Amino acid sequence: MFPHGASRGKTVTVSASGEFPSWPLDSWLCEESERETNLTCKALPEKGKLEISIPGDARPGIYWLRLYNRVGASSPRPFLVSDLPDVIEEEPNNSSNEAPHLEKPSLMIHGRLEKKGDVDSYSVDLQDGDVLVADLTASRVLASPMDGSLQITSVGGFILTENDDDQGMDPRIVFRAPAPGRYIVRLFAFPAKPNSSIQFSGGSDYIYRLALTTGPFIEYSYPLAVGLAAPAEVALHGWNIPEDRKTIKIAANGGRGLDLVRIPGAANAAPLAREDCKSITEEEYAKMGRLPEPTGTLIVSGRISSPGERDTYVFSAPGKENFEVSVTARRVGSLLDPVLMVKDADSKTVAEKDDTDSGLDCTTQFTTAENKTYRIEVRDRFSHGGRRFFYMLRIARPARAFSLKLASDSFVLDKGKKLEIPVTVDRRGGYEGKILITATGLPEGVSSTTAESLHGKDSAKAVKIVLEGDSTPLDIPFRIRGSDGADGAETCWAGYNVPGRKAPLTKAWLTVKGE
């Protein structure tokens with residue numbers, strides 16, 4: 001889609017690319033949390049054209065859009081809603097002479113590097129000491145197949161600063177103007193999957209959103225996690241954050257998972273982990289000298305503040321127990337490439353981990369001996385450090401849990417026939433319970449079987465549920481739920497992967513066909 005976002009309070013015409021044998025199509029939108037939304041989308045008479053309206057009170061962030069008709073549905077695609085004004089890139093803008101001048105450098109630009117060799121340039125006026133944050137979203141969220149690069153240059157083309165990989169493949173620049181004047185922000189890209197070409201790349205799918213702001217930009221909250229039971233206070237770190245907004249209060253009893261912390265006028269939001277846990281900071285640990293005895297989940301927020309620094313935490317358990325220790329950094333936007341090491345009192349390494357599951361964050365497990373002391377060490381793989389090298393250290397007993405995965409995000413049921421849906425089961429921490437798996441949210445006239453996943457059986461890792469019925473033709477979101485066969489206390493939703501999104505979505509799509 002292009003443009004792939006807009007500001008609150010706007011109505012925008014969007015061009016959808018793909019194959020559309022029939023038109024118009026219906027649409028369905030949800031928030032990032034998969035809750036329903038007050039955004040609206042309607043198909044215009046021209047094939048491939050949509051009109052999306054964003055109310056003024058809409059929540060800034062990521063929304064997911066599907067198009068569908070009576071034969072099936074598209075995969076969900078992201079649509080980004082901003083609190084800042086937005087503009088759409090226009091060609092030509094390859095050089096500083098052609099760069100459109102942005103009167104107010106606090107906005108979102110929806111653009112596209114539409115052909116090989118394409119370079120997009122924008123000019124801004126800055127005062128001495130102004131801090132400009134240029135943040136590109138392309139590989140992240142939008143799943144654009146580009147490895148972008150950003151530069152800030154003088155009008156004459158002298159490169160003042162540049163970046164290519166800050167947030168994964170997406171660059172971010174924080175630039176303090178050395179003098180009042182006009183500056184050029186320049187963007188180009190290489191293919192995300194390297195090939196034999198030696199040139200800037202581009203294409204119709206090289207879409208991006210570029211945030212340019214001298215206003216608030218939040219990099220992270222500190223601590224990075226808070227518990228659920230009591231109110232908390234977090235400090236916001238980033239750039240251009242007003243003094244009266246640098247500390248915010250978090251209400252108790254929030255939902256478990258990654259929350260988003262926002263302030264008015266900010267270009268972005270910072271993730272904040274909400275969990276049933278005890279949360280402390282590295283500074284609080286320094287006063288204690290030892291981690292609290294683990295009775296549940298403990299999360300420590302810390303920073304590798306200088307190059308070569310190693311953060312060490314003393315930890316002990318009263319008896320022989322298994323513990324899982326993890327470091328989350330890149331997932332929450334940190335520059336830290338963490339290495340995790342656990343040593344006993346004799347400095348013998350009992351566990352060490354660098355990368356886990358193809359990512360840079362890491363998780364390891366170890367077993368304590370009775371009344372023994374251990375040291376948990378966190379460092380950067382390349383001995384880097386600084387204010388942007390923050391992390392969450394999580395210590396807990398391995399959770400006995402399970403998750404469910406779908407291979408597809410949409411399914412088609414022919415009226416009067418049966419539809420088999422495969423579900424993959426992942427058991428963690430030695431989970432051995434029976435799992436009951438069934439579909440929920442189905443329309444009247446459609447039923448689902450309940451499959452049992454049993455430890456030690458073929459069904460332990462995969463099952464199939466069957467949908468059937470005589471419902472009238474329709475299209476509807478639905479979910480597949482797994483619950484603990486003992487008392488239903490452990491429940492989870494089956495998820496499917498979406499390019500550009502870190503966590504799976506769980507609302508799949510069902511099309512019922514037939515007369």
# chains A, B, ... in the order shown; residues from 1 in each chain; ligands from 1
$ residues_around --residues "A:Ser95" --least-positions-apart "3" --cutoff "9 Å" --atoms "only C-alpha atoms" --output "PDB file with N, CA and C atoms, in the first residue's frame"
ATOM      1  N   PRO A  92      10.708  15.198  -8.582  1.00  0.00           N
ATOM      2  CA  PRO A  92      12.103  14.774  -8.364  1.00  0.00           C
ATOM      3  C   PRO A  92      12.652  15.332  -7.052  1.00  0.00           C
ATOM      4  N   GLU A  98      17.146  19.735  -5.761  1.00  0.00           N
ATOM      5  CA  GLU A  98      15.742  19.350  -5.963  1.00  0.00           C
ATOM      6  C   GLU A  98      15.024  19.041  -4.657  1.00  0.00           C
ATOM      7  N   ALA A  99      15.760  19.026  -3.547  1.00  0.00           N
ATOM      8  CA  ALA A  99      15.173  18.620  -2.270  1.00  0.00           C
ATOM      9  C   ALA A  99      14.054  19.568  -1.850  1.00  0.00           C
ATOM     10  N   VAL A 119      17.504   8.279  -5.073  1.00  0.00           N
ATOM     11  CA  VAL A 119      17.916   8.924  -3.832  1.00  0.00           C
ATOM     12  C   VAL A 119      16.846   9.948  -3.491  1.00  0.00           C
ATOM     13  N   ASP A 120      16.365   9.940  -2.253  1.00  0.00           N
ATOM     14  CA  ASP A 120      15.375  10.924  -1.824  1.00  0.00           C
ATOM     15  C   ASP A 120      16.032  11.919  -0.888  1.00  0.00           C
ATOM     16  N   SER A 121      15.832  13.224  -1.170  1.00  0.00           N
ATOM     17  CA  SER A 121      16.471  14.279  -0.386  1.00  0.00           C
ATOM     18  C   SER A 121      15.425  15.261   0.121  1.00  0.00           C
ATOM     19  N   TYR A 122      15.678  15.798   1.310  1.00  0.00           N
ATOM     20  CA  TYR A 122      14.785  16.783   1.932  1.00  0.00           C
ATOM     21  C   TYR A 122      15.652  17.829   2.612  1.00  0.00           C
ATOM     22  N   GLY A 157      26.786  19.405  -0.237  1.00  0.00           N
ATOM     23  CA  GLY A 157      26.979  17.967  -0.384  1.00  0.00           C
ATOM     24  C   GLY A 157      27.998  17.350   0.554  1.00  0.00           C
ATOM     25  N   ARG A 186      19.385  12.978   3.372  1.00  0.00           N
ATOM     26  CA  ARG A 186      19.443  12.181   2.144  1.00  0.00           C
ATOM     27  C   ARG A 186      19.254  10.702   2.479  1.00  0.00           C
TER      28      ARG A 186
END
$ residues_around --residues "A:Val81" --least-positions-apart "4" --cutoff "10 Å" --atoms "only C-alpha atoms" --output "ChimeraX atom specification"
/A:4-10,39,54,58-63,86,108
$ atom_distance --atom1 "atom CA of A:Ile207" --atom2 "atom CA of A:Leu406"
27.7 Å
$ closest_residue --among "A:Phe217, A:Val350, A:Val71, A:Pro318" --to "A:Asp414" --atoms "only C-alpha atoms"
A:Val71
$ atom_distance --atom1 "atom CA of A:Lys115" --atom2 "atom CA of A:Val185"
19.0 Å
$ select_by_dssp --residues "stretch 201-414 of chain A" --states "alpha helix (DSSP H)" --output "NGL selection string"
:A and (282-288)
$ write_last_selection --atoms "N, CA and C atoms" --output "PDB file, in the first residue's frame"
ATOM      1  N   GLU A 282      19.604  -1.449  37.866  1.00  0.00           N
ATOM      2  CA  GLU A 282      21.021  -1.681  38.150  1.00  0.00           C
ATOM      3  C   GLU A 282      21.485  -0.813  39.325  1.00  0.00           C
ATOM      4  N   GLU A 283      20.983   0.414  39.388  1.00  0.00           N
ATOM      5  CA  GLU A 283      21.371   1.323  40.468  1.00  0.00           C
ATOM      6  C   GLU A 283      20.825   0.843  41.816  1.00  0.00           C
ATOM      7  N   GLU A 284      19.627   0.312  41.832  1.00  0.00           N
ATOM      8  CA  GLU A 284      19.072  -0.237  43.076  1.00  0.00           C
ATOM      9  C   GLU A 284      19.848  -1.474  43.516  1.00  0.00           C
ATOM     10  N   TYR A 285      20.251  -2.296  42.558  1.00  0.00           N
ATOM     11  CA  TYR A 285      21.065  -3.470  42.892  1.00  0.00           C
ATOM     12  C   TYR A 285      22.379  -3.051  43.545  1.00  0.00           C
ATOM     13  N   ALA A 286      23.001  -1.979  43.036  1.00  0.00           N
ATOM     14  CA  ALA A 286      24.291  -1.533  43.576  1.00  0.00           C
ATOM     15  C   ALA A 286      24.184  -1.210  45.063  1.00  0.00           C
ATOM     16  N   LYS A 287      23.028  -0.726  45.488  1.00  0.00           N
ATOM     17  CA  LYS A 287      22.826  -0.425  46.903  1.00  0.00           C
ATOM     18  C   LYS A 287      22.616  -1.694  47.720  1.00  0.00           C
ATOM     19  N   MET A 288      22.015  -2.734  47.096  1.00  0.00           N
ATOM     20  CA  MET A 288      21.738  -3.981  47.806  1.00  0.00           C
ATOM     21  C   MET A 288      22.960  -4.894  47.854  1.00  0.00           C
TER      22      MET A 288
END
$ closest_atom_pairs --of "stretch 242-333 of chain A" --to "stretch 498-511 of chain A" --cutoff "12 Å" --atoms "only C-alpha atoms" --output "tab-separated table"
residue	atom	partner	partner_atom	distance
A:Gly257	CA	A:Ala503	CA	10.8
A:Leu258	CA	A:Ala503	CA	10.3
A:Arg330	CA	A:Lys502	CA	11.1
A:Arg331	CA	A:Lys502	CA	8.0
A:Val332	CA	A:Lys502	CA	10.3
A:Gly333	CA	A:Lys502	CA	11.9
$ closest_residue --among "A:Ile52, A:Ala177, A:Val425, A:Leu29" --to "A:Ser15" --atoms "only C-alpha atoms"
A:Ile52
$ closest_residue --among "A:Ile250, A:Leu212, A:Val12, A:Val226" --to "A:Ala266" --atoms "only C-alpha atoms"
A:Leu212
$ residues_around --residues "A:Ile299" --least-positions-apart "2" --cutoff "8 Å" --atoms "only C-alpha atoms" --output "list in words"
Ala225, Cys277, Lys278, Ser279, Ile280, Thr297, Ser301, Met392, Leu393, Arg394 and Ile395 of chain A
$ residues_around --residues "stretch 231-234 of chain A" --least-positions-apart "6" --cutoff "9 Å" --atoms "only C-alpha atoms" --output "MDAnalysis selection string"
chainID A and resid 221:225 246:253
$ write_last_selection --atoms "C-alpha atoms" --output "short mmCIF file (atom, residue, chain, number, x, y, z; two decimals), in the first residue's frame"
data_model
loop_
_atom_site.label_atom_id
_atom_site.label_comp_id
_atom_site.auth_asym_id
_atom_site.auth_seq_id
_atom_site.Cartn_x
_atom_site.Cartn_y
_atom_site.Cartn_z
CA SER A 221 11.78 4.10 29.53
CA TYR A 222 13.72 3.28 32.69
CA PRO A 223 13.15 0.89 34.25
CA LEU A 224 12.31 -1.12 31.15
CA ALA A 225 9.80 -3.29 33.04
CA LYS A 246 10.66 13.08 31.58
CA THR A 247 8.94 11.13 34.35
CA ILE A 248 5.52 9.53 33.99
CA LYS A 249 3.34 7.42 36.29
CA ILE A 250 2.19 3.93 35.33
CA ALA A 251 -1.10 2.68 36.76
CA ALA A 252 -1.36 -0.70 38.48
CA ASN A 253 -3.16 -3.71 37.04
#
$ select_by_dssp --residues "stretch 1-114 of chain A" --states "strand (DSSP E)" --output "number ranges by chain"
A: 5-7, 11-15, 26-31, 40-43, 49-53, 61-69, 72-73, 77-82, 86-88, 101-102, 106-112
$ closest_residue --among "A:Asp458, A:Glu452, A:Glu468, A:Asp276" --to "A:Leu413" --atoms "only C-alpha atoms"
A:Glu468
$ atom_distance --atom1 "atom CA of A:Arg379" --atom2 "atom CA of A:Gly308"
7.6 Å
$ residues_around --residues "A:Thr367" --least-positions-apart "2" --cutoff "7 Å" --atoms "only C-alpha atoms" --output "mmCIF file with N, CA and C atoms, in the first residue's frame"
data_model
loop_
_atom_site.group_PDB
_atom_site.id
_atom_site.type_symbol
_atom_site.label_atom_id
_atom_site.label_comp_id
_atom_site.auth_asym_id
_atom_site.auth_seq_id
_atom_site.Cartn_x
_atom_site.Cartn_y
_atom_site.Cartn_z
ATOM 1 N N LYS A 320 18.951 -26.846 45.187
ATOM 2 C CA LYS A 320 19.186 -27.221 43.801
ATOM 3 C C LYS A 320 17.932 -26.932 42.986
ATOM 4 N N GLU A 321 18.059 -25.983 42.048
ATOM 5 C CA GLU A 321 16.913 -25.584 41.220
ATOM 6 C C GLU A 321 17.396 -25.203 39.831
ATOM 7 N N ASN A 322 16.485 -25.298 38.878
ATOM 8 C CA ASN A 322 16.755 -24.835 37.520
ATOM 9 C C ASN A 322 16.303 -23.384 37.374
ATOM 10 N N PHE A 323 17.134 -22.586 36.700
ATOM 11 C CA PHE A 323 16.781 -21.197 36.438
ATOM 12 C C PHE A 323 17.019 -20.868 34.970
ATOM 13 N N ALA A 369 23.442 -25.165 42.788
ATOM 14 C CA ALA A 369 23.748 -26.117 43.862
ATOM 15 C C ALA A 369 23.304 -25.507 45.187
#
$ residues_around --residues "A:Phe402" --least-positions-apart "4" --cutoff "9 Å" --atoms "only C-alpha atoms" --output "PyMOL selection string"
chain A and resi 425-429+431+435+482+490-492
$ residues_around --residues "stretch 475-478 of chain A" --least-positions-apart "5" --cutoff "10 Å" --atoms "only C-alpha atoms" --output "ChimeraX atom specification"
/A:26,28,68-73,409-412,439-443,506-513
$ write_last_selection --atoms "C-alpha atoms" --output "PDB file, in the first residue's frame"
ATOM      1  CA  ASP A  26     -14.447  -5.135   1.685  1.00  0.00           C
ATOM      2  CA  TRP A  28     -11.240  -4.971   8.060  1.00  0.00           C
ATOM      3  CA  TYR A  68     -11.502  -9.544   1.486  1.00  0.00           C
ATOM      4  CA  ASN A  69     -14.404 -10.770  -0.621  1.00  0.00           C
ATOM      5  CA  ARG A  70     -16.521 -13.929  -0.838  1.00  0.00           C
ATOM      6  CA  VAL A  71     -13.638 -16.103  -2.041  1.00  0.00           C
ATOM      7  CA  GLY A  72     -10.892 -15.184   0.435  1.00  0.00           C
ATOM      8  CA  ALA A  73      -8.813 -12.512   2.148  1.00  0.00           C
ATOM      9  CA  ASP A 409      -3.389 -16.394   8.375  1.00  0.00           C
ATOM     10  CA  SER A 410      -6.619 -17.175   6.487  1.00  0.00           C
ATOM     11  CA  PHE A 411      -8.775 -20.207   5.708  1.00  0.00           C
ATOM     12  CA  VAL A 412     -11.643 -21.023   3.340  1.00  0.00           C
ATOM     13  CA  ALA A 439     -11.613 -22.604  17.315  1.00  0.00           C
ATOM     14  CA  THR A 440     -13.538 -19.737  18.911  1.00  0.00           C
ATOM     15  CA  GLY A 441     -15.471 -16.761  17.582  1.00  0.00           C
ATOM     16  CA  LEU A 442     -17.037 -18.834  14.797  1.00  0.00           C
ATOM     17  CA  PRO A 443     -20.256 -17.712  13.096  1.00  0.00           C
ATOM     18  CA  THR A 506      -3.653 -14.283  16.571  1.00  0.00           C
ATOM     19  CA  LYS A 507      -6.822 -13.224  14.746  1.00  0.00           C
ATOM     20  CA  ALA A 508      -6.998 -15.434  11.657  1.00  0.00           C
ATOM     21  CA  TRP A 509      -9.594 -15.062   8.900  1.00  0.00           C
ATOM     22  CA  LEU A 510     -12.367 -17.441   7.902  1.00  0.00           C
ATOM     23  CA  THR A 511     -14.213 -17.294   4.588  1.00  0.00           C
ATOM     24  CA  VAL A 512     -17.320 -19.470   4.249  1.00  0.00           C
ATOM     25  CA  LYS A 513     -18.135 -20.112   0.584  1.00  0.00           C
TER      26      LYS A 513
END
